[in-house]
>>> print(open('my_file_24.pdb').read())   # PDB, C-alpha atoms, pLDDT in the B column
ATOM      1  CA  MET V   1       0.000   0.000   0.000  1.00 39.00           C
ATOM      2  CA  SER V   2       1.293   3.418  -0.855  1.00 41.00           C
ATOM      3  CA  ILE V   3       1.710   6.105   1.759  1.00 41.00           C
ATOM      4  CA  ALA V   4      -0.608   8.594   0.011  1.00 44.00           C
ATOM      5  CA  PRO V   5      -3.410   6.947  -1.979  1.00 48.00           C
ATOM      6  CA  ALA V   6      -3.986   8.619  -5.311  1.00 49.00           C
ATOM      7  CA  ALA V   7      -7.809   8.432  -5.162  1.00 54.00           C
ATOM      8  CA  PHE V   8      -8.243  11.474  -2.933  1.00 64.00           C
ATOM      9  CA  ALA V   9      -6.456  13.696  -0.452  1.00 72.00           C
ATOM     10  CA  VAL V  10      -6.839  13.813   3.310  1.00 75.00           C
ATOM     11  CA  ASP V  11      -8.483  17.242   3.014  1.00 80.00           C
ATOM     12  CA  GLU V  12     -11.287  15.683   1.005  1.00 83.00           C
ATOM     13  CA  LEU V  13     -11.946  13.234   3.841  1.00 84.00           C
ATOM     14  CA  GLU V  14     -11.703  15.896   6.527  1.00 88.00           C
ATOM     15  CA  GLN V  15     -14.335  18.157   4.966  1.00 92.00           C
ATOM     16  CA  HIS V  16     -16.927  15.457   5.741  1.00 92.00           C
ATOM     17  CA  ARG V  17     -15.902  14.930   9.377  1.00 93.00           C
ATOM     18  CA  ARG V  18     -18.455  17.292  10.923  1.00 94.00           C
ATOM     19  CA  GLU V  19     -21.503  15.893   9.144  1.00 94.00           C
ATOM     20  CA  LEU V  20     -20.304  12.322   9.742  1.00 95.00           C
ATOM     21  CA  THR V  21     -19.997  13.103  13.448  1.00 95.00           C
ATOM     22  CA  GLY V  22     -23.631  14.242  13.529  1.00 95.00           C
ATOM     23  CA  TYR V  23     -24.707  11.134  11.633  1.00 95.00           C
ATOM     24  CA  CYS V  24     -22.807   8.808  13.963  1.00 95.00           C
ATOM     25  CA  TYR V  25     -24.133  10.664  17.008  1.00 95.00           C
ATOM     26  CA  ARG V  26     -27.692  10.063  15.834  1.00 94.00           C
ATOM     27  CA  MET V  27     -26.969   6.366  15.379  1.00 94.00           C
ATOM     28  CA  LEU V  28     -25.034   5.819  18.620  1.00 93.00           C
ATOM     29  CA  GLY V  29     -26.465   8.411  20.996  1.00 91.00           C
ATOM     30  CA  SER V  30     -23.084   9.333  22.469  1.00 90.00           C
ATOM     31  CA  GLY V  31     -20.743  12.118  21.459  1.00 92.00           C
ATOM     32  CA  PHE V  32     -17.671  10.198  22.559  1.00 92.00           C
ATOM     33  CA  GLU V  33     -18.669   7.088  20.635  1.00 93.00           C
ATOM     34  CA  ALA V  34     -19.554   9.229  17.610  1.00 95.00           C
ATOM     35  CA  ASP V  35     -16.044  10.731  17.615  1.00 95.00           C
ATOM     36  CA  ASP V  36     -14.559   7.238  17.834  1.00 95.00           C
ATOM     37  CA  ALA V  37     -16.792   6.026  14.999  1.00 96.00           C
ATOM     38  CA  VAL V  38     -15.828   8.929  12.740  1.00 96.00           C
ATOM     39  CA  GLN V  39     -12.154   8.343  13.437  1.00 95.00           C
ATOM     40  CA  GLU V  40     -12.566   4.661  12.582  1.00 96.00           C
ATOM     41  CA  THR V  41     -14.466   5.666   9.426  1.00 95.00           C
ATOM     42  CA  MET V  42     -11.593   7.907   8.353  1.00 93.00           C
ATOM     43  CA  VAL V  43      -9.037   5.170   9.005  1.00 93.00           C
ATOM     44  CA  ARG V  44     -11.044   2.600   7.041  1.00 93.00           C
ATOM     45  CA  ALA V  45     -11.547   5.042   4.169  1.00 92.00           C
ATOM     46  CA  TRP V  46      -7.847   5.884   4.105  1.00 89.00           C
ATOM     47  CA  ARG V  47      -6.881   2.204   4.044  1.00 90.00           C
ATOM     48  CA  ALA V  48      -9.398   1.400   1.284  1.00 88.00           C
ATOM     49  CA  ALA V  49      -8.772   4.547  -0.772  1.00 86.00           C
ATOM     50  CA  GLU V  50      -7.163   2.631  -3.617  1.00 86.00           C
ATOM     51  CA  ALA V  51     -10.215   0.371  -3.841  1.00 85.00           C
ATOM     52  CA  PHE V  52     -12.570   3.354  -4.230  1.00 85.00           C
ATOM     53  CA  GLU V  53     -13.813   3.081  -7.801  1.00 83.00           C
ATOM     54  CA  GLY V  54     -15.600   6.424  -8.021  1.00 82.00           C
ATOM     55  CA  ARG V  55     -18.936   4.907  -9.090  1.00 88.00           C
ATOM     56  CA  SER V  56     -20.528   6.898  -6.266  1.00 88.00           C
ATOM     57  CA  SER V  57     -19.605  10.167  -4.623  1.00 90.00           C
ATOM     58  CA  LEU V  58     -16.966  10.217  -1.921  1.00 90.00           C
ATOM     59  CA  ARG V  59     -19.626  11.457   0.511  1.00 92.00           C
ATOM     60  CA  SER V  60     -21.958   8.503  -0.025  1.00 93.00           C
ATOM     61  CA  TRP V  61     -19.010   6.077   0.220  1.00 93.00           C
ATOM     62  CA  LEU V  62     -17.991   7.613   3.563  1.00 94.00           C
ATOM     63  CA  TYR V  63     -21.567   7.407   4.835  1.00 95.00           C
ATOM     64  CA  ARG V  64     -21.644   3.712   3.932  1.00 95.00           C
ATOM     65  CA  ILE V  65     -18.416   3.110   5.838  1.00 95.00           C
ATOM     66  CA  ALA V  66     -19.726   5.144   8.797  1.00 96.00           C
ATOM     67  CA  THR V  67     -22.945   3.121   8.826  1.00 96.00           C
ATOM     68  CA  ASN V  68     -20.990  -0.124   8.970  1.00 96.00           C
ATOM     69  CA  VAL V  69     -18.733   1.223  11.739  1.00 96.00           C
ATOM     70  CA  CYS V  70     -21.742   2.325  13.812  1.00 95.00           C
ATOM     71  CA  LEU V  71     -23.516  -0.991  13.318  1.00 95.00           C
ATOM     72  CA  ASP V  72     -20.350  -2.809  14.412  1.00 94.00           C
ATOM     73  CA  MET V  73     -20.187  -0.627  17.517  1.00 93.00           C
ATOM     74  CA  LEU V  74     -23.861  -1.262  18.317  1.00 92.00           C
ATOM     75  CA  ARG V  75     -23.357  -5.018  17.947  1.00 90.00           C
ATOM     76  CA  GLY V  76     -20.321  -4.730  20.217  1.00 86.00           C
ATOM     77  CA  ARG V  77     -22.495  -3.143  22.913  1.00 78.00           C
ATOM     78  CA  ALA V  78     -24.759  -6.202  22.917  1.00 71.00           C
ATOM     79  CA  ARG V  79     -21.778  -8.501  23.434  1.00 68.00           C
ATOM     80  CA  ARG V  80     -20.231  -6.374  26.166  1.00 66.00           C
ATOM     81  CA  ALA V  81     -20.536  -7.641  29.731  1.00 60.00           C
ATOM     82  CA  ARG V  82     -23.146  -5.798  31.773  1.00 61.00           C
ATOM     83  CA  PRO V  83     -22.983  -5.250  35.520  1.00 61.00           C
ATOM     84  CA  MET V  84     -24.998  -7.667  37.594  1.00 60.00           C
ATOM     85  CA  GLU V  85     -28.272  -6.441  39.002  1.00 58.00           C
ATOM     86  CA  LEU V  86     -28.041  -4.966  42.450  1.00 62.00           C
ATOM     87  CA  ALA V  87     -29.452  -6.984  45.306  1.00 67.00           C
ATOM     88  CA  PRO V  88     -31.907  -5.432  47.760  1.00 70.00           C
ATOM     89  CA  PRO V  89     -30.255  -3.516  50.587  1.00 68.00           C
ATOM     90  CA  SER V  90     -29.108  -5.578  53.525  1.00 73.00           C
ATOM     91  CA  PRO V  91     -30.293  -4.727  57.036  1.00 77.00           C
ATOM     92  CA  PRO V  92     -27.958  -2.515  59.082  1.00 72.00           C
ATOM     93  CA  GLU V  93     -25.526  -4.205  61.414  1.00 76.00           C
ATOM     94  CA  GLU V  94     -25.818  -2.948  64.977  1.00 72.00           C
ATOM     95  CA  ARG V  95     -22.059  -3.165  65.577  1.00 73.00           C
ATOM     96  CA  PHE V  96     -21.500  -0.426  62.993  1.00 72.00           C
ATOM     97  CA  LEU V  97     -24.330   1.830  64.179  1.00 71.00           C
ATOM     98  CA  GLY V  98     -23.482   2.134  67.844  1.00 68.00           C
ATOM     99  CA  GLY V  99     -26.012   2.199  70.639  1.00 68.00           C
ATOM    100  CA  MET V 100     -29.273   4.121  70.712  1.00 65.00           C
ATOM    101  CA  LEU V 101     -29.301   7.440  72.515  1.00 60.00           C
ATOM    102  CA  PRO V 102     -31.243   7.433  75.769  1.00 62.00           C
ATOM    103  CA  GLU V 103     -34.538   9.368  75.702  1.00 61.00           C
ATOM    104  CA  HIS V 104     -33.281  12.110  78.007  1.00 57.00           C
ATOM    105  CA  ALA V 105     -30.343  12.770  75.647  1.00 56.00           C
ATOM    106  CA  CYS V 106     -32.777  13.306  72.757  1.00 58.00           C
ATOM    107  CA  ALA V 107     -34.870  15.651  74.887  1.00 59.00           C
ATOM    108  CA  PHE V 108     -31.713  17.583  75.829  1.00 57.00           C
ATOM    109  CA  LEU V 109     -30.730  17.887  72.153  1.00 58.00           C
ATOM    110  CA  ASP V 110     -34.254  19.015  71.214  1.00 62.00           C
ATOM    111  CA  THR V 111     -34.198  21.676  73.925  1.00 65.00           C
ATOM    112  CA  ARG V 112     -30.828  22.963  72.738  1.00 66.00           C
ATOM    113  CA  LEU V 113     -32.013  23.025  69.118  1.00 63.00           C
ATOM    114  CA  PHE V 114     -35.127  24.977  70.076  1.00 63.00           C
ATOM    115  CA  ALA V 115     -33.015  27.440  72.009  1.00 67.00           C
ATOM    116  CA  ALA V 116     -30.478  27.767  69.181  1.00 69.00           C
ATOM    117  CA  PHE V 117     -33.182  28.625  66.650  1.00 67.00           C
ATOM    118  CA  GLY V 118     -35.226  30.734  69.032  1.00 66.00           C
ATOM    119  CA  LEU V 119     -38.295  28.477  68.799  1.00 64.00           C
ATOM    120  CA  PRO V 120     -40.825  28.427  71.638  1.00 62.00           C
ATOM    121  CA  GLU V 121     -41.101  25.136  73.492  1.00 59.00           C
ATOM    122  CA  GLN V 122     -44.858  24.894  72.740  1.00 53.00           C
ATOM    123  CA  SER V 123     -44.137  24.483  69.016  1.00 50.00           C
ATOM    124  CA  ARG V 124     -43.222  20.874  69.798  1.00 52.00           C
ATOM    125  CA  VAL V 125     -45.958  18.426  68.865  1.00 51.00           C
ATOM    126  CA  GLY V 126     -45.667  14.783  69.834  1.00 54.00           C
ATOM    127  CA  GLY V 127     -41.991  15.044  70.768  1.00 53.00           C
ATOM    128  CA  SER V 128     -40.913  16.438  67.404  1.00 54.00           C
ATOM    129  CA  PRO V 129     -40.459  20.066  66.458  1.00 51.00           C
ATOM    130  CA  ARG V 130     -43.231  21.749  64.506  1.00 52.00           C
ATOM    131  CA  ILE V 131     -42.639  25.156  63.060  1.00 52.00           C
ATOM    132  CA  LEU V 132     -45.772  27.181  62.550  1.00 53.00           C
ATOM    133  CA  PRO V 133     -46.162  30.423  60.659  1.00 55.00           C
ATOM    134  CA  PRO V 134     -45.921  33.460  62.973  1.00 58.00           C
ATOM    135  CA  GLU V 135     -49.636  34.313  62.750  1.00 58.00           C
ATOM    136  CA  ARG V 136     -50.686  30.879  64.037  1.00 48.00           C
ATOM    137  CA  GLU V 137     -48.383  30.597  67.028  1.00 45.00           C
TER     138      GLU V 137
END
>>> encode(input="my_file_24.pdb", output="structure tokens")
Amino acid sequence: MSIAPAAFAVDELEQHRRELTGYCYRMLGSGFEADDAVQETMVRAWRAAEAFEGRSSLRSWLYRIATNVCLDMLRGRARRARPMELAPPSPPEERFLGGMLPEHACAFLDTRLFAAFGLPEQSRVGGSPRILPPERE
């Protein structure tokens, strides 16, 4: 194979890169994969440049190569290993959680929180804080 195929120049290939990227993006749904597909299209076209007979336009030949590259990539996705499904969450282990706080410690924390935020003690309902609008307090 010659270093520079006589059928066409690199510039002729490069002028189609942008529209091929859009085409590959629509087929693959990923910008990164579209860039990879276009690069592979350019490499395949460069390697097969001497076999290009000119019976069709360069553009349609590149689109045909790009289609085949994208289809190969889509088939490769189906063969790729997928992560296993996640199991349901396991129950917590008490040794990692530590002990429960005694009730008086929770009441102490609640009182300090109410004081810190300037909330009146009567805004507590059922042991939990309840913040009411100013006109209803």
>>> axis_aligned_box(input="my_file_24.pdb", around="segment 13-32 of chain V", padding_each_side="3 Å", output="AutoDock Vina command-line options")
--center_x -19.7 --center_y 12.0 --center_z 13.2 --size_x 22.0 --size_y 18.3 --size_z 24.7
>>> residues_around(input="my_file_24.pdb", residues="segment 13-28 of chain V", least_positions_apart="3", cutoff="9 Å", atoms="all atoms listed in the file", output="PDB file with C-alpha atoms, in the coordinates of the input")
ATOM      1  CA  PHE V   8      -8.243  11.474  -2.933  1.00 64.00           C
ATOM      2  CA  ALA V   9      -6.456  13.696  -0.452  1.00 72.00           C
ATOM      3  CA  VAL V  10      -6.839  13.813   3.310  1.00 75.00           C
ATOM      4  CA  GLY V  31     -20.743  12.118  21.459  1.00 92.00           C
ATOM      5  CA  PHE V  32     -17.671  10.198  22.559  1.00 92.00           C
ATOM      6  CA  GLU V  33     -18.669   7.088  20.635  1.00 93.00           C
ATOM      7  CA  ALA V  34     -19.554   9.229  17.610  1.00 95.00           C
ATOM      8  CA  ASP V  35     -16.044  10.731  17.615  1.00 95.00           C
ATOM      9  CA  ALA V  37     -16.792   6.026  14.999  1.00 96.00           C
ATOM     10  CA  VAL V  38     -15.828   8.929  12.740  1.00 96.00           C
ATOM     11  CA  GLN V  39     -12.154   8.343  13.437  1.00 95.00           C
ATOM     12  CA  THR V  41     -14.466   5.666   9.426  1.00 95.00           C
ATOM     13  CA  MET V  42     -11.593   7.907   8.353  1.00 93.00           C
ATOM     14  CA  ALA V  45     -11.547   5.042   4.169  1.00 92.00           C
ATOM     15  CA  TRP V  46      -7.847   5.884   4.105  1.00 89.00           C
ATOM     16  CA  LEU V  58     -16.966  10.217  -1.921  1.00 90.00           C
ATOM     17  CA  ARG V  59     -19.626  11.457   0.511  1.00 92.00           C
ATOM     18  CA  LEU V  62     -17.991   7.613   3.563  1.00 94.00           C
ATOM     19  CA  TYR V  63     -21.567   7.407   4.835  1.00 95.00           C
ATOM     20  CA  ALA V  66     -19.726   5.144   8.797  1.00 96.00           C
ATOM     21  CA  THR V  67     -22.945   3.121   8.826  1.00 96.00           C
ATOM     22  CA  VAL V  69     -18.733   1.223  11.739  1.00 96.00           C
ATOM     23  CA  CYS V  70     -21.742   2.325  13.812  1.00 95.00           C
ATOM     24  CA  LEU V  71     -23.516  -0.991  13.318  1.00 95.00           C
ATOM     25  CA  MET V  73     -20.187  -0.627  17.517  1.00 93.00           C
ATOM     26  CA  LEU V  74     -23.861  -1.262  18.317  1.00 92.00           C
TER      27      LEU V  74
END
>>> atom_distance(input="my_file_24.pdb", atom1="atom CA of Trp61 of chain V", atom2="atom CA of Gly29 of chain V")
22.2 Å
>>> atom_distance(input="my_file_24.pdb", atom1="atom CA of Ala78 of chain V", atom2="atom CA of Ala48 of chain V")
27.6 Å
>>> atom_distance(input="my_file_24.pdb", atom1="atom CA of Gly54 of chain V", atom2="atom CA of Asp11 of chain V")
17.0 Å
